[in-house]
file coords.cif (mmCIF, C-alpha atoms and all ligand atoms)
data_final
#
loop_
_atom_site.group_PDB
_atom_site.id
_atom_site.type_symbol
_atom_site.label_atom_id
_atom_site.label_comp_id
_atom_site.auth_asym_id
_atom_site.auth_seq_id
_atom_site.Cartn_x
_atom_site.Cartn_y
_atom_site.Cartn_z
ATOM 1 C CA MET A 28 -5.922 -23.497 4.990
ATOM 2 C CA SER A 29 -6.113 -20.968 2.210
ATOM 3 C CA ARG A 30 -5.473 -17.279 1.818
ATOM 4 C CA GLU A 31 -9.242 -16.923 1.235
ATOM 5 C CA GLN A 32 -9.862 -18.261 4.727
ATOM 6 C CA TRP A 33 -7.217 -16.033 6.331
ATOM 7 C CA THR A 34 -8.804 -13.068 4.562
ATOM 8 C CA ALA A 35 -12.306 -14.049 5.680
ATOM 9 C CA VAL A 36 -11.141 -14.409 9.287
ATOM 10 C CA ASP A 37 -9.350 -11.063 9.070
ATOM 11 C CA ARG A 38 -12.590 -9.499 7.821
ATOM 12 C CA TYR A 39 -14.547 -11.111 10.677
ATOM 13 C CA VAL A 40 -12.101 -9.800 13.265
ATOM 14 C CA THR A 41 -11.922 -6.373 11.663
ATOM 15 C CA ASP A 42 -15.694 -6.038 11.431
ATOM 16 C CA LEU A 43 -16.033 -6.793 15.136
ATOM 17 C CA LEU A 44 -12.964 -5.127 16.631
ATOM 18 C CA VAL A 45 -11.729 -2.356 14.322
ATOM 19 C CA ALA A 46 -14.276 0.439 14.153
ATOM 20 C CA PRO A 47 -14.786 2.100 10.764
ATOM 21 C CA ASP A 48 -12.773 5.294 10.633
ATOM 22 C CA PRO A 49 -13.234 7.931 7.933
ATOM 23 C CA ALA A 50 -9.611 9.154 7.951
ATOM 24 C CA LEU A 51 -8.140 5.650 7.744
ATOM 25 C CA ASP A 52 -10.661 4.548 5.131
ATOM 26 C CA ARG A 53 -9.885 7.674 3.112
ATOM 27 C CA ALA A 54 -6.150 6.984 3.348
ATOM 28 C CA LEU A 55 -6.667 3.572 1.751
ATOM 29 C CA ALA A 56 -9.093 4.920 -0.858
ATOM 30 C CA THR A 57 -6.896 7.836 -1.946
ATOM 31 C CA SER A 58 -3.844 5.564 -2.034
ATOM 32 C CA ALA A 59 -5.655 3.132 -4.331
ATOM 33 C CA ALA A 60 -7.009 5.955 -6.501
ATOM 34 C CA ALA A 61 -3.489 7.376 -6.884
ATOM 35 C CA GLY A 62 -2.167 3.974 -7.965
ATOM 36 C CA LEU A 63 -0.099 3.235 -4.847
ATOM 37 C CA PRO A 64 0.557 -0.474 -4.297
ATOM 38 C CA SER A 65 -1.760 -2.219 -1.841
ATOM 39 C CA ILE A 66 1.008 -2.989 0.652
ATOM 40 C CA ALA A 67 -0.074 -1.062 3.728
ATOM 41 C CA VAL A 68 -0.525 -3.026 6.930
ATOM 42 C CA SER A 69 -3.981 -4.560 7.324
ATOM 43 C CA PRO A 70 -6.535 -2.862 9.603
ATOM 44 C CA ALA A 71 -5.972 -5.477 12.311
ATOM 45 C CA GLN A 72 -2.203 -4.999 12.056
ATOM 46 C CA GLY A 73 -2.588 -1.221 12.100
ATOM 47 C CA LYS A 74 -4.596 -1.485 15.280
ATOM 48 C CA MET A 75 -2.006 -3.837 16.780
ATOM 49 C CA LEU A 76 0.718 -1.234 16.142
ATOM 50 C CA HIS A 77 -1.549 1.406 17.650
ATOM 51 C CA LEU A 78 -2.211 -0.660 20.769
ATOM 52 C CA LEU A 79 1.470 -1.434 21.292
ATOM 53 C CA ALA A 80 2.336 2.255 21.019
ATOM 54 C CA ARG A 81 -0.471 3.200 23.377
ATOM 55 C CA ALA A 82 0.403 0.531 25.918
ATOM 56 C CA LEU A 83 3.997 1.765 25.968
ATOM 57 C CA GLU A 84 2.817 5.391 26.229
ATOM 58 C CA VAL A 85 5.307 6.381 23.558
ATOM 59 C CA ARG A 86 6.002 10.049 22.919
ATOM 60 C CA THR A 87 8.220 9.690 19.855
ATOM 61 C CA ILE A 88 7.876 7.356 16.886
ATOM 62 C CA LEU A 89 10.067 6.870 13.823
ATOM 63 C CA GLU A 90 8.562 5.108 10.813
ATOM 64 C CA LEU A 91 10.519 3.920 7.775
ATOM 65 C CA GLY A 92 8.206 3.556 4.762
ATOM 66 C CA THR A 93 5.174 5.853 4.744
ATOM 67 C CA LEU A 94 3.400 4.798 1.541
ATOM 68 C CA GLY A 95 0.019 6.593 1.736
ATOM 69 C CA GLY A 96 0.206 7.228 5.472
ATOM 70 C CA TYR A 97 -2.085 4.416 6.644
ATOM 71 C CA SER A 98 0.189 2.958 9.358
ATOM 72 C CA THR A 99 1.408 6.493 10.073
ATOM 73 C CA ILE A 100 -2.112 7.538 11.079
ATOM 74 C CA TRP A 101 -2.614 4.446 13.243
ATOM 75 C CA LEU A 102 0.685 5.070 15.025
ATOM 76 C CA ALA A 103 0.425 8.858 15.358
ATOM 77 C CA ARG A 104 -2.972 8.524 16.981
ATOM 78 C CA ALA A 105 -1.405 6.427 19.738
ATOM 79 C CA LEU A 106 1.085 9.110 20.747
ATOM 80 C CA ALA A 107 0.945 10.507 24.243
ATOM 81 C CA PRO A 108 -0.044 14.205 24.378
ATOM 82 C CA GLY A 109 2.661 16.384 22.860
ATOM 83 C CA GLY A 110 4.142 13.399 21.040
ATOM 84 C CA ARG A 111 5.746 13.473 17.585
ATOM 85 C CA LEU A 112 6.144 11.020 14.723
ATOM 86 C CA VAL A 113 8.769 11.228 11.983
ATOM 87 C CA THR A 114 8.093 9.146 8.887
ATOM 88 C CA LEU A 115 10.484 8.536 5.977
ATOM 89 C CA GLU A 116 9.405 7.901 2.386
ATOM 90 C CA ALA A 117 11.499 7.651 -0.776
ATOM 91 C CA GLU A 118 8.795 8.241 -3.388
ATOM 92 C CA PRO A 119 7.717 11.893 -3.703
ATOM 93 C CA GLN A 120 4.363 10.914 -5.236
ATOM 94 C CA TYR A 121 3.553 8.576 -2.348
ATOM 95 C CA ALA A 122 4.631 11.240 0.101
ATOM 96 C CA GLU A 123 2.236 13.724 -1.487
ATOM 97 C CA VAL A 124 -0.668 11.299 -1.042
ATOM 98 C CA ALA A 125 0.424 10.574 2.526
ATOM 99 C CA ARG A 126 0.722 14.245 3.390
ATOM 100 C CA ALA A 127 -2.888 14.846 2.371
ATOM 101 C CA ASN A 128 -4.074 11.782 4.286
ATOM 102 C CA ILE A 129 -2.159 12.781 7.420
ATOM 103 C CA ALA A 130 -3.609 16.297 7.222
ATOM 104 C CA GLY A 131 -7.077 14.797 6.655
ATOM 105 C CA ALA A 132 -6.648 12.844 9.884
ATOM 106 C CA GLY A 133 -5.841 16.082 11.733
ATOM 107 C CA LEU A 134 -2.246 14.986 12.331
ATOM 108 C CA ALA A 135 -0.295 17.507 10.245
ATOM 109 C CA ASP A 136 1.109 19.130 13.370
ATOM 110 C CA VAL A 137 2.139 15.822 14.903
ATOM 111 C CA VAL A 138 3.734 14.084 11.916
ATOM 112 C CA GLU A 139 6.889 15.136 10.100
ATOM 113 C CA LEU A 140 7.280 13.471 6.717
ATOM 114 C CA ARG A 141 10.780 13.436 5.256
ATOM 115 C CA VAL A 142 11.096 12.586 1.573
ATOM 116 C CA GLY A 143 14.202 10.745 0.426
ATOM 117 C CA ARG A 144 15.910 7.400 0.620
ATOM 118 C CA ALA A 145 15.993 6.322 4.239
ATOM 119 C CA LEU A 146 19.712 5.561 4.112
ATOM 120 C CA GLU A 147 20.162 9.266 3.413
ATOM 121 C CA THR A 148 17.505 10.688 5.741
ATOM 122 C CA LEU A 149 18.476 8.483 8.713
ATOM 123 C CA PRO A 150 22.048 9.857 8.935
ATOM 124 C CA GLN A 151 20.573 13.358 8.690
ATOM 125 C CA LEU A 152 18.282 12.643 11.626
ATOM 126 C CA ALA A 153 21.191 11.281 13.621
ATOM 127 C CA ALA A 154 23.420 14.251 12.707
ATOM 128 C CA GLU A 155 20.726 16.648 13.887
ATOM 129 C CA GLY A 156 20.959 15.041 17.299
ATOM 130 C CA HIS A 157 17.297 14.083 17.270
ATOM 131 C CA ASP A 158 16.040 12.795 20.625
ATOM 132 C CA PRO A 159 15.921 8.983 20.689
ATOM 133 C CA PHE A 160 12.648 7.446 19.551
ATOM 134 C CA ASP A 161 10.488 5.349 21.868
ATOM 135 C CA LEU A 162 9.119 3.210 19.041
ATOM 136 C CA ILE A 163 10.551 2.570 15.575
ATOM 137 C CA PHE A 164 8.572 0.850 12.821
ATOM 138 C CA ILE A 165 10.720 -0.481 9.961
ATOM 139 C CA ASP A 166 8.590 -1.013 6.852
ATOM 140 C CA ALA A 167 10.546 0.310 3.851
ATOM 141 C CA ASP A 168 12.446 -1.686 1.188
ATOM 142 C CA LYS A 169 13.110 -5.089 2.701
ATOM 143 C CA LYS A 170 16.638 -5.716 1.427
ATOM 144 C CA SER A 171 17.942 -2.790 3.458
ATOM 145 C CA THR A 172 16.405 -3.963 6.738
ATOM 146 C CA PRO A 173 19.759 -4.888 8.365
ATOM 147 C CA ASP A 174 21.055 -1.363 7.668
ATOM 148 C CA TYR A 175 17.802 0.191 8.871
ATOM 149 C CA PHE A 176 17.966 -1.808 12.071
ATOM 150 C CA ARG A 177 21.487 -0.563 12.766
ATOM 151 C CA TRP A 178 20.282 3.018 12.342
ATOM 152 C CA ALA A 179 17.243 2.271 14.473
ATOM 153 C CA LEU A 180 19.542 1.138 17.264
ATOM 154 C CA ASP A 181 21.497 4.391 16.970
ATOM 155 C CA LEU A 182 18.249 6.349 17.230
ATOM 156 C CA ALA A 183 16.773 4.365 20.123
ATOM 157 C CA HIS A 184 17.231 4.173 23.897
ATOM 158 C CA PRO A 185 16.975 1.311 26.374
ATOM 159 C CA GLY A 186 13.265 0.576 26.529
ATOM 160 C CA SER A 187 12.564 1.484 22.892
ATOM 161 C CA LEU A 188 10.643 -1.037 20.844
ATOM 162 C CA ILE A 189 11.713 -1.677 17.237
ATOM 163 C CA ILE A 190 9.080 -3.414 15.105
ATOM 164 C CA THR A 191 10.043 -4.744 11.682
ATOM 165 C CA ASP A 192 7.377 -5.786 9.169
ATOM 166 C CA ASN A 193 7.348 -8.432 6.426
ATOM 167 C CA VAL A 194 10.065 -10.611 7.863
ATOM 168 C CA ILE A 195 8.626 -14.021 6.929
ATOM 169 C CA ARG A 196 8.072 -13.436 3.200
ATOM 170 C CA ASP A 197 5.655 -16.340 2.596
ATOM 171 C CA GLY A 198 7.967 -18.629 4.539
ATOM 172 C CA ALA A 199 10.906 -17.968 2.229
ATOM 173 C CA LEU A 200 12.800 -16.735 5.299
ATOM 174 C CA ILE A 201 14.073 -20.252 5.897
ATOM 175 C CA ASP A 202 15.257 -20.833 2.317
ATOM 176 C CA PRO A 203 19.056 -20.343 2.184
ATOM 177 C CA ARG A 204 18.913 -20.427 -1.633
ATOM 178 C CA ALA A 205 16.306 -17.678 -1.936
ATOM 179 C CA GLU A 206 17.393 -15.139 -4.534
ATOM 180 C CA ASP A 207 14.877 -12.437 -3.661
ATOM 181 C CA PRO A 208 16.878 -9.531 -2.174
ATOM 182 C CA GLY A 209 14.054 -8.912 0.313
ATOM 183 C CA VAL A 210 14.276 -12.481 1.601
ATOM 184 C CA GLN A 211 18.047 -12.259 1.749
ATOM 185 C CA GLY A 212 17.687 -9.021 3.717
ATOM 186 C CA MET A 213 15.411 -10.673 6.257
ATOM 187 C CA ARG A 214 17.684 -13.726 6.586
ATOM 188 C CA ARG A 215 20.667 -11.449 7.158
ATOM 189 C CA PHE A 216 18.610 -9.456 9.662
ATOM 190 C CA HIS A 217 17.831 -12.575 11.693
ATOM 191 C CA GLU A 218 21.436 -13.760 11.536
ATOM 192 C CA LEU A 219 22.575 -10.401 12.878
ATOM 193 C CA LEU A 220 19.996 -10.527 15.673
ATOM 194 C CA ALA A 221 21.384 -13.931 16.592
ATOM 195 C CA SER A 222 25.090 -13.293 16.335
ATOM 196 C CA ASP A 223 26.156 -9.697 15.699
ATOM 197 C CA GLU A 224 27.752 -8.446 18.894
ATOM 198 C CA ALA A 225 26.132 -5.000 18.715
ATOM 199 C CA PHE A 226 22.709 -6.531 18.205
ATOM 200 C CA VAL A 227 23.074 -9.339 20.724
ATOM 201 C CA GLN A 228 24.258 -6.969 23.424
ATOM 202 C CA ARG A 229 21.545 -4.392 22.888
ATOM 203 C CA VAL A 230 18.278 -6.122 21.948
ATOM 204 C CA SER A 231 16.022 -8.926 22.984
ATOM 205 C CA ALA A 232 13.993 -9.993 19.961
ATOM 206 C CA THR A 233 11.496 -12.469 18.650
ATOM 207 C CA THR A 234 9.665 -13.013 15.382
ATOM 208 C CA ILE A 235 5.981 -13.829 15.048
ATOM 209 C CA GLN A 236 4.438 -15.316 11.909
ATOM 210 C CA THR A 237 1.137 -13.849 10.764
ATOM 211 C CA VAL A 238 -1.559 -14.795 8.247
ATOM 212 C CA GLY A 239 -4.415 -12.628 7.051
ATOM 213 C CA SER A 240 -5.609 -10.419 4.231
ATOM 214 C CA LYS A 241 -1.977 -9.524 3.506
ATOM 215 C CA GLY A 242 -0.973 -13.174 3.115
ATOM 216 C CA TYR A 243 1.628 -15.119 5.093
ATOM 217 C CA ASP A 244 4.243 -12.902 6.686
ATOM 218 C CA GLY A 245 5.316 -11.675 10.094
ATOM 219 C CA PHE A 246 6.804 -9.120 12.435
ATOM 220 C CA THR A 247 9.995 -9.007 14.466
ATOM 221 C CA LEU A 248 9.721 -7.267 17.819
ATOM 222 C CA ALA A 249 12.978 -6.101 19.370
ATOM 223 C CA LEU A 250 13.221 -4.469 22.766
ATOM 224 C CA VAL A 251 16.297 -2.286 23.179
ATOM 225 C CA THR A 252 17.981 -3.190 26.460
ATOM 226 C CA PRO A 253 20.748 -1.604 28.493
ATOM 227 C CA ALA A 254 24.107 -2.621 26.955
ATOM 228 C CA GLY A 255 24.966 -6.203 27.820
ATOM 229 C CA GLU A 256 21.415 -7.173 28.755
ATOM 230 C CA GLY A 257 20.191 -8.297 25.318
ATOM 231 C CA ARG A 258 18.948 -11.770 24.273
HETATM 232 C C1 LIG B 1 5.335 -1.566 2.679
HETATM 233 S S1 LIG B 1 5.311 0.086 2.155
HETATM 234 C C2 LIG B 1 4.966 0.969 3.653
HETATM 235 C C3 LIG B 1 3.565 0.737 4.126
HETATM 236 C C4 LIG B 1 3.161 1.639 5.266
HETATM 237 N N1 LIG B 1 4.089 1.525 6.371
HETATM 238 C C5 LIG B 1 1.790 1.234 5.746
HETATM 239 O O1 LIG B 1 1.668 0.155 6.358
HETATM 240 O O2 LIG B 1 0.827 1.985 5.508
HETATM 241 C C6 LIG B 1 7.012 0.434 1.900
HETATM 242 C C7 LIG B 1 7.277 1.882 1.580
HETATM 243 O O3 LIG B 1 8.673 2.089 1.680
HETATM 244 C C8 LIG B 1 9.046 2.993 0.661
HETATM 245 N N2 LIG B 1 10.471 2.832 0.389
HETATM 246 C C9 LIG B 1 11.082 1.940 -0.437
HETATM 247 N N3 LIG B 1 12.394 2.123 -0.432
HETATM 248 C C10 LIG B 1 12.638 3.146 0.416
HETATM 249 C C11 LIG B 1 13.821 3.811 0.836
HETATM 250 N N4 LIG B 1 15.033 3.453 0.370
HETATM 251 N N5 LIG B 1 13.695 4.822 1.712
HETATM 252 C C12 LIG B 1 12.486 5.186 2.201
HETATM 253 N N6 LIG B 1 11.339 4.603 1.814
HETATM 254 C C13 LIG B 1 11.415 3.603 0.939
HETATM 255 C C14 LIG B 1 8.179 2.604 -0.520
HETATM 256 O O4 LIG B 1 8.111 3.654 -1.461
HETATM 257 C C15 LIG B 1 6.862 2.295 0.181
HETATM 258 O O5 LIG B 1 6.058 3.430 0.231
#
call {"tool": "encode", "arguments": {"input": "coords.cif", "output": "structure tokens"}}
result
Amino acid sequence: MSREQWTAVDRYVTDLLVAPDPALDRALATSAAAGLPSIAVSPAQGKMLHLLARALEVRTILELGTLGGYSTIWLARALAPGGRLVTLEAEPQYAEVARANIAGAGLADVVELRVGRALETLPQLAAEGHDPFDLIFIDADKKSTPDYFRWALDLAHPGSLIITDNVIRDGALIDPRAEDPGVQGMRRFHELLASDEAFVQRVSATTIQTVGSKGYDGFTLALVTPAGEGR
């Protein structure tokens, strides 16, 4: 099977199940026009994130990696009434594009966008004593995923769902000799999920491979459990 076929199937599914949406379409168009990389989640993946958030009736979401705000809009629209989403982005130019897209989707009052490297903005959030988040979506630089997951755990509560994107990396996840820092980050992340005491005690996780218009990759879903009830 080829990437062309995955993309065609993704298009088929999207045409039937993901209704056209001016704000989301505009977010992709303005991101492309501004030269942002085409690395947002696919429409089908965006809707999956939205459905998970809606099913869990989440009131607070933390997102790491905003890009042009595409996944942000999908997620923020799933919030229960009165809900809030905080999204973290390192690149000021991307953040500017995202801010306009989020406002265009009517979500400026719901979404707080913090510009800066997540390893600096996450400790700030924690120091402010921010309420724990119901759902956390980790989708920033891949090499730092183990560190992001540790922060996510600090900012979560039992029952929170932590979703991490791009964990399969074209299958390179299983290559112990992989030199790509992103692959190494995802290998380390899985090793920690399997054996780090703090992780093992506090989360029950699995990883799902995906194919589609964004290639061969996958998500890790981790449910935060009461201490000692992980795995
Ligand atoms: C895969 S993209 C996010 C895509 C977005 N979640 C979506 O699906 O629409 C990753 C983003 O993380 C940002 N990023 C990279 N390193 C970062 C860091 N240290 N802190 C915060 N954001 C970072 C990149 O600038 C990029 O916008």
call {"tool": "closest_atom_pairs", "arguments": {"input": "coords.cif", "of": "chain A", "to": "ligand LIG 1 (chain B)", "cutoff": "7 Å", "atoms": "only C-alpha atoms and all ligand atoms", "output": "CSV"}}
result
residue,atom,partner,partner_atom,distance
A:Ile66,CA,B:LIG1,C1,5.0
A:Ala67,CA,B:LIG1,O1,3.4
A:Val68,CA,B:LIG1,O1,3.9
A:Leu91,CA,B:LIG1,C12,6.0
A:Gly92,CA,B:LIG1,O3,3.4
A:Thr93,CA,B:LIG1,C4,4.7
A:Leu94,CA,B:LIG1,O5,3.3
A:Gly95,CA,B:LIG1,O2,6.0
A:Gly96,CA,B:LIG1,O2,5.3
A:Tyr97,CA,B:LIG1,O2,4.0
A:Ser98,CA,B:LIG1,O2,4.0
A:Thr99,CA,B:LIG1,O2,6.4
A:Leu115,CA,B:LIG1,C12,5.4
A:Glu116,CA,B:LIG1,N6,3.9
A:Ala117,CA,B:LIG1,C12,4.0
A:Glu118,CA,B:LIG1,O4,5.0
A:Tyr121,CA,B:LIG1,O5,6.3
A:Gly143,CA,B:LIG1,N5,6.1
A:Arg144,CA,B:LIG1,N5,3.6
A:Ala145,CA,B:LIG1,N5,3.7
A:Leu146,CA,B:LIG1,N4,6.4
A:Asp166,CA,B:LIG1,N1,5.2
A:Ala167,CA,B:LIG1,O3,3.4
A:Asp168,CA,B:LIG1,N3,4.1
call {"tool": "closest_atom_pairs", "arguments": {"input": "coords.cif", "of": "segment 59-167 of chain A", "to": "segment 243-252 of chain A", "cutoff": "12 Å", "atoms": "only C-alpha atoms", "output": "JSON lines"}}
result
{"residue": "A:Val68", "atom": "CA", "partner": "A:Gly245", "partner_atom": "CA", "distance": 10.9}
{"residue": "A:Ser69", "atom": "CA", "partner": "A:Asp244", "partner_atom": "CA", "distance": 11.7}
{"residue": "A:Gln72", "atom": "CA", "partner": "A:Phe246", "partner_atom": "CA", "distance": 9.9}
{"residue": "A:Met75", "atom": "CA", "partner": "A:Phe246", "partner_atom": "CA", "distance": 11.2}
{"residue": "A:Leu76", "atom": "CA", "partner": "A:Phe246", "partner_atom": "CA", "distance": 10.6}
{"residue": "A:Leu79", "atom": "CA", "partner": "A:Leu248", "partner_atom": "CA", "distance": 10.7}
{"residue": "A:Leu83", "atom": "CA", "partner": "A:Leu250", "partner_atom": "CA", "distance": 11.6}
{"residue": "A:Pro159", "atom": "CA", "partner": "A:Val251", "partner_atom": "CA", "distance": 11.5}
{"residue": "A:Phe160", "atom": "CA", "partner": "A:Val251", "partner_atom": "CA", "distance": 11.0}
{"residue": "A:Asp161", "atom": "CA", "partner": "A:Val251", "partner_atom": "CA", "distance": 9.7}
{"residue": "A:Leu162", "atom": "CA", "partner": "A:Leu250", "partner_atom": "CA", "distance": 9.5}
{"residue": "A:Ile163", "atom": "CA", "partner": "A:Ala249", "partner_atom": "CA", "distance": 9.8}
{"residue": "A:Phe164", "atom": "CA", "partner": "A:Leu248", "partner_atom": "CA", "distance": 9.6}
{"residue": "A:Ile165", "atom": "CA", "partner": "A:Thr247", "partner_atom": "CA", "distance": 9.7}
{"residue": "A:Asp166", "atom": "CA", "partner": "A:Phe246", "partner_atom": "CA", "distance": 10.0}
call {"tool": "residues_near_point", "arguments": {"input": "coords.cif", "point": "(25.4, -1.9, 17.2)", "cutoff": "12 Å", "atoms": "all atoms listed in the file", "output": "ChimeraX atom specification"}}
result
/A:173-183,219-220,222-230,251-252,254-255,257
call {"tool": "residues_around", "arguments": {"input": "coords.cif", "residues": "Val194 of chain A", "least_positions_apart": "6", "cutoff": "9 Å", "atoms": "only C-alpha atoms", "output": "list of chain:residue names"}}
result
A:Lys169, A:Leu200, A:Gly209, A:Val210, A:Gly212, A:Met213, A:Arg214, A:Phe216, A:His217, A:Thr234, A:Ile235, A:Gln236, A:Asp244, A:Gly245, A:Phe246, A:Thr247
call {"tool": "closest_residue", "arguments": {"input": "coords.cif", "among": "A:Ala153, A:Glu90, A:Pro70, A:His77", "to": "Leu43 of chain A", "atoms": "all atoms listed in the file"}}
result
A:Pro70
call {"tool": "closest_residue", "arguments": {"input": "coords.cif", "among": "A:Leu188, A:Ala205, A:Ala54, A:Ala232", "to": "Glu218 of chain A", "atoms": "only C-alpha atoms"}}
result
A:Ala232
call {"tool": "resolve_selection", "arguments": {"input": "coords.cif", "expression": "the PyMOL selection byres (((chain A and resi 135) around 12) and not hetatm)", "output": "PDB file with C-alpha atoms, in the coordinates of the input"}}
result
ATOM      1  CA  GLY A  96       0.206   7.228   5.472  1.00  0.00           C
ATOM      2  CA  THR A  99       1.408   6.493  10.073  1.00  0.00           C
ATOM      3  CA  ILE A 100      -2.112   7.538  11.079  1.00  0.00           C
ATOM      4  CA  ALA A 103       0.425   8.858  15.358  1.00  0.00           C
ATOM      5  CA  ARG A 104      -2.972   8.524  16.981  1.00  0.00           C
ATOM      6  CA  ARG A 111       5.746  13.473  17.585  1.00  0.00           C
ATOM      7  CA  LEU A 112       6.144  11.020  14.723  1.00  0.00           C
ATOM      8  CA  VAL A 113       8.769  11.228  11.983  1.00  0.00           C
ATOM      9  CA  THR A 114       8.093   9.146   8.887  1.00  0.00           C
ATOM     10  CA  ALA A 125       0.424  10.574   2.526  1.00  0.00           C
ATOM     11  CA  ARG A 126       0.722  14.245   3.390  1.00  0.00           C
ATOM     12  CA  ALA A 127      -2.888  14.846   2.371  1.00  0.00           C
ATOM     13  CA  ASN A 128      -4.074  11.782   4.286  1.00  0.00           C
ATOM     14  CA  ILE A 129      -2.159  12.781   7.420  1.00  0.00           C
ATOM     15  CA  ALA A 130      -3.609  16.297   7.222  1.00  0.00           C
ATOM     16  CA  GLY A 131      -7.077  14.797   6.655  1.00  0.00           C
ATOM     17  CA  ALA A 132      -6.648  12.844   9.884  1.00  0.00           C
ATOM     18  CA  GLY A 133      -5.841  16.082  11.733  1.00  0.00           C
ATOM     19  CA  LEU A 134      -2.246  14.986  12.331  1.00  0.00           C
ATOM     20  CA  ASP A 136       1.109  19.130  13.370  1.00  0.00           C
ATOM     21  CA  VAL A 137       2.139  15.822  14.903  1.00  0.00           C
ATOM     22  CA  VAL A 138       3.734  14.084  11.916  1.00  0.00           C
ATOM     23  CA  GLU A 139       6.889  15.136  10.100  1.00  0.00           C
ATOM     24  CA  LEU A 140       7.280  13.471   6.717  1.00  0.00           C
TER      25      LEU A 140
END
call {"tool": "closest_residue", "arguments": {"input": "coords.cif", "among": "A:Ser231, A:Ser171, A:Ser65, A:Thr237", "to": "Ile195 of chain A", "atoms": "only C-alpha atoms"}}
result
A:Thr237
call {"tool": "residues_around", "arguments": {"input": "coords.cif", "residues": "Glu31 of chain A", "least_positions_apart": "4", "cutoff": "12 Å", "atoms": "only C-alpha atoms", "output": "short mmCIF file (atom, residue, chain, number, x, y, z; two decimals) with C-alpha atoms, in the frame of the given file"}}
result
data_model
loop_
_atom_site.label_atom_id
_atom_site.label_comp_id
_atom_site.auth_asym_id
_atom_site.auth_seq_id
_atom_site.Cartn_x
_atom_site.Cartn_y
_atom_site.Cartn_z
CA ALA A 35 -12.31 -14.05 5.68
CA VAL A 36 -11.14 -14.41 9.29
CA ASP A 37 -9.35 -11.06 9.07
CA ARG A 38 -12.59 -9.50 7.82
CA VAL A 238 -1.56 -14.80 8.25
CA GLY A 239 -4.42 -12.63 7.05
CA SER A 240 -5.61 -10.42 4.23
CA LYS A 241 -1.98 -9.52 3.51
CA GLY A 242 -0.97 -13.17 3.12
CA TYR A 243 1.63 -15.12 5.09
#
call {"tool": "closest_residue", "arguments": {"input": "coords.cif", "among": "A:Ala71, A:Ala59, A:Ala80, A:Ile201", "to": "Leu44 of chain A", "atoms": "all atoms listed in the file"}}
result
A:Ala71
call {"tool": "axis_aligned_box", "arguments": {"input": "coords.cif", "around": "segment 61-80 of chain A", "padding_each_side": "6 Å", "output": "lines of an AutoDock Vina configuration file"}}
result
center_x = -2.1
center_y = 0.9
center_z = 6.7
size_x = 20.9
size_y = 24.9
size_z = 41.3
call {"tool": "residues_around", "arguments": {"input": "coords.cif", "residues": "Pro108 of chain A", "least_positions_apart": "5", "cutoff": "10 Å", "atoms": "only C-alpha atoms", "output": "VMD selection string"}}
result
chain A and resid 84 to 86 137
call {"tool": "atom_distance", "arguments": {"input": "coords.cif", "atom1": "atom CA of Lys170 of chain A", "atom2": "atom CA of Glu206 of chain A"}}
result
11.2 Å
call {"tool": "closest_residue", "arguments": {"input": "coords.cif", "among": "A:Gln211, A:Thr41, A:Thr87, A:Ala82", "to": "Ala199 of chain A", "atoms": "only C-alpha atoms"}}
result
A:Gln211
